[in-house]
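Student: Just dropping this structure here.
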2 protein chains.
Amino acid sequence: MSPPALYEQIKQHIVTAIDTGRLKPDDRVPSEIRLAREFGASRMTANRAFKELAEEGRLVRFQGMGTFVARPKPEAALLEIKSIAREIADWGGVHSCEVLLLAEETADRQVSVKLGLAPGDAVFHSILLHRDRGVGVQYSERYVNPAVAPGYLVQDYTRITPSAYLLETAPVQEAEHVIEAVRCPVHVRMHLQIGAAEPCLRLTRRTWSFDQVATFSTMISPGCRYQLKGTFNRGIHR
Amino acid sequence: MSPPALYEQIKQHIVTAIDTGRLKPDDRVPSEIRLAREFGASRMTANRAFKELAEEGRLVRFQGMGTFVARPKPEAALLEIKSIAREIADWGGVHSCEVLLLAEETADRQVSVKLGLAPGDAVFHSILLHRDRGVGVQYSERYVNPAVAPGYLVQDYTRITPSAYLLETAPVQEAEHVIEAVRCPVHVRMHLQIGAAEPCLRLTRRTWSFDQVATFSTMISPGCRYQLKGTFNRGIHR
DNA sequence: GGCTACTACTTGTCTATACAAGTGCATATC
DNA sequence: GATATGCACTTGTATAGACAAGTAGTAGCC
């Protein structure tokens, strides 16, 4: 067995010092040159160790000042949100999709604000009903900025999902999600064929591409047929 | 204005080639040496550019074979789940917490399965009611593996949240989340003072520490008073 | 006191070079 | 034909040195 790389040994040395409490948050770490000397390494090797630890969030570095142990971030777990088609496929279901609406409209006030357009501007509007084995599991309404995805209206969404098309047309820079439990509006309820009291999950999402709002969408799923699942592994991988 | 660092220029050059489609997934990228020559840089500088792009998931590298454009990952957005106390604080609310139960119990079948213990083993059980300005916003029930957090029962949870205590006692390796829209059980409804038909968000979470299940918890919030929010920035920052 | 200049130290970037290790191919050998 | 060897090429790691740029403190000056 060959020993781990020298820069890995240096990283491990620092991580151990942090994890055992020998180095506390905001403590100063020896400079690259000092540490390189300690390990009989060159400065570039110590630099690599420090740089990677900074990327991993264990250290913070300031030019001219030094390197310090990072404060642990406040707790925040992550939930991965997959597209409905993949969710159903992973679950072993059979996905189908009905296009209820696919048209160009003029933006009303609410939509124009969300998309960062002026009221009256053209927007693309789609309403899709996703089914698993014929049972409605998601009613998804989407407004799309025509400037970002001009071909949005001429896709066949019974074959590819809007997410898939948008993903390759307009790479997502940023996304904003809101998840709520709501009662279902009556027109949605009819398509999903659920009762008035059935609680529903509403996921509202806005995405940004090319430094402008690309989409604004609302996805409604009956609580009895759909749940958001996700696992999150913390830590230092790649 | 000073120009961006040379390794940044090389990175940008590659990223642009990928984004414009000039380089497609699985395409081979010129070797470090070739690219270094093109830019009049040393190999180490090209190496840094490639290494960072590989860390960012845009390239994959194989020793002896070369560097290739990474295949885009299937779409999956991320939602950040903050602790309720922080959520309320960020929102400008006033958080308080009432301890409804804090005791050691023997695990029933369901709980023992979830925690990976044997039925009859001791577990810690807590029920807390979180309020914002006196209004109930979350009913959270938690089962804790005593092996992982032996001091769980003797904390003052009106002052620190269980999350905060658990976070520093037992670092979370992994977490599993399920979000559902449900109707609220009657005993929870009483504490939250909501109607029978009010849809609620139920977040179920299991966490792992030290290679075993640490906690199993259920958090229920009325849909009218609570929503999960999160933004997600893809890519290339720092 | 308030200002500037200088110095020592830090991290950030970059070069030129070196050897190790892994891949793929052509060539030589059995 | 099957196997072994060597070569060209790739990435991975490491070195020693250089200059740029930022910080903090000190000394000197007005």
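Residue numbering restarts at 1 in every chain; chains get A, B, ... in the order shown in the structure tokens, and ligands count up from 1 in that same order.
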Go through chain B and flag each residue having an atom no more than 9 Å from chain C; for those, report the closest pair of atoms plus their distance in Å to one decimal, using only C-alpha atoms (C1' of nucleotides), ordered by chain and rising number, as CSV.
Tutor:
residue,atom,partner,partner_atom,distance
B:Ala5,CA,C:DT13,C1',7.3
B:Leu6,CA,C:DT13,C1',8.4
B:Tyr7,CA,C:DT13,C1',8.8
B:Ala41,CA,C:DT15,C1',8.1
B:Ser42,CA,C:DT15,C1',6.1
B:Arg43,CA,C:DT15,C1',8.8
B:Met44,CA,C:DT15,C1',8.2
B:Thr45,CA,C:DC14,C1',7.0
B:Phe62,CA,C:DG22,C1',8.7
B:Gln63,CA,C:DG22,C1',5.7
B:Gly64,CA,C:DT23,C1',4.7
B:Met65,CA,C:DT23,C1',5.6
Student: For the selection you just gave me, I'd like the residues written to a file as a tab-separated table (two decimals), in the first residue's frame, keeping N, CA and C atoms.
Tutor:
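Listed below is the output, again.tsv:
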chain	number	residue	atom	x	y	z
B	5	ALA	N	-7.62	36.09	-13.96
B	5	ALA	CA	-6.44	35.22	-13.91
B	5	ALA	C	-6.42	34.29	-15.12
B	6	LEU	N	-5.22	33.91	-15.49
B	6	LEU	CA	-5.05	33.09	-16.69
B	6	LEU	C	-5.82	31.79	-16.59
B	7	TYR	N	-5.78	31.15	-15.41
B	7	TYR	CA	-6.49	29.88	-15.28
B	7	TYR	C	-8.00	30.11	-15.42
B	41	ALA	N	0.59	29.31	-21.55
B	41	ALA	CA	0.67	29.13	-20.11
B	41	ALA	C	1.49	27.88	-19.80
B	42	SER	N	1.81	27.71	-18.55
B	42	SER	CA	2.52	26.50	-18.17
B	42	SER	C	1.50	25.39	-17.93
B	43	ARG	N	1.98	24.17	-17.89
B	43	ARG	CA	1.06	23.05	-17.72
B	43	ARG	C	0.31	23.17	-16.40
B	44	MET	N	0.96	23.62	-15.35
B	44	MET	CA	0.31	23.71	-14.04
B	44	MET	C	-0.90	24.63	-14.07
B	45	THR	N	-0.82	25.66	-14.89
B	45	THR	CA	-1.95	26.59	-14.98
B	45	THR	C	-3.13	25.93	-15.69
B	62	PHE	N	-9.47	11.11	-16.68
B	62	PHE	CA	-8.97	9.76	-16.43
B	62	PHE	C	-7.47	9.75	-16.67
B	63	GLN	N	-6.77	9.34	-15.65
B	63	GLN	CA	-5.32	9.29	-15.76
B	63	GLN	C	-4.95	8.36	-16.91
B	64	GLY	N	-4.11	8.83	-17.77
B	64	GLY	CA	-3.65	8.01	-18.89
B	64	GLY	C	-4.53	8.09	-20.13
B	65	MET	N	-5.79	8.55	-19.95
B	65	MET	CA	-6.70	8.57	-21.10
B	65	MET	C	-6.97	9.96	-21.61
Student: Restrict the distance test to only C-alpha atoms (C1' of nucleotides), flag each residue of chain D within 9 Å of chain A, and return the flagged residues as a PyMOL selection string.
Tutor: chain D and resi 13-16+21-24
Student: Could you dump the residues just selected with C-alpha atoms (C1' of nucleotides) as a PDB file, in the first residue's frame?
Tutor:
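Dumped to part.pdb:
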ATOM      1  C1'  DT D  13       1.752  14.732  -7.613  1.00  0.00           C
ATOM      2  C1'  DA D  14       5.572  17.473  -6.047  1.00  0.00           C
ATOM      3  C1'  DT D  15       9.358  20.975  -6.059  1.00  0.00           C
ATOM      4  C1'  DA D  16      11.727  25.551  -5.993  1.00  0.00           C
ATOM      5  C1'  DA D  21      -1.470  42.063  -4.101  1.00  0.00           C
ATOM      6  C1'  DG D  22      -3.374  42.710   0.339  1.00  0.00           C
ATOM      7  C1'  DT D  23      -2.808  43.512   5.691  1.00  0.00           C
ATOM      8  C1'  DA D  24      -0.865  45.202   9.803  1.00  0.00           C
TER       9       DA D  24
END
Student: Can you list every residue in segment 21-97 of chain A that DSSP puts in strand (DSSP E or B), as JSON, numbers by chain?
Tutor: {"A": [28, 29, 59, 60, 61, 62, 66, 67, 68, 69, 76, 77, 78, 79, 80, 81, 82, 95, 96, 97]}
Student: So which bits of segment 18-110 of chain B end up alpha helix (DSSP H) when you DSSP the backbone, as a VMD selection string?
Tutor: chain B and resid 18 to 19 32 to 39 43 to 55 84 to 91 109 to 110
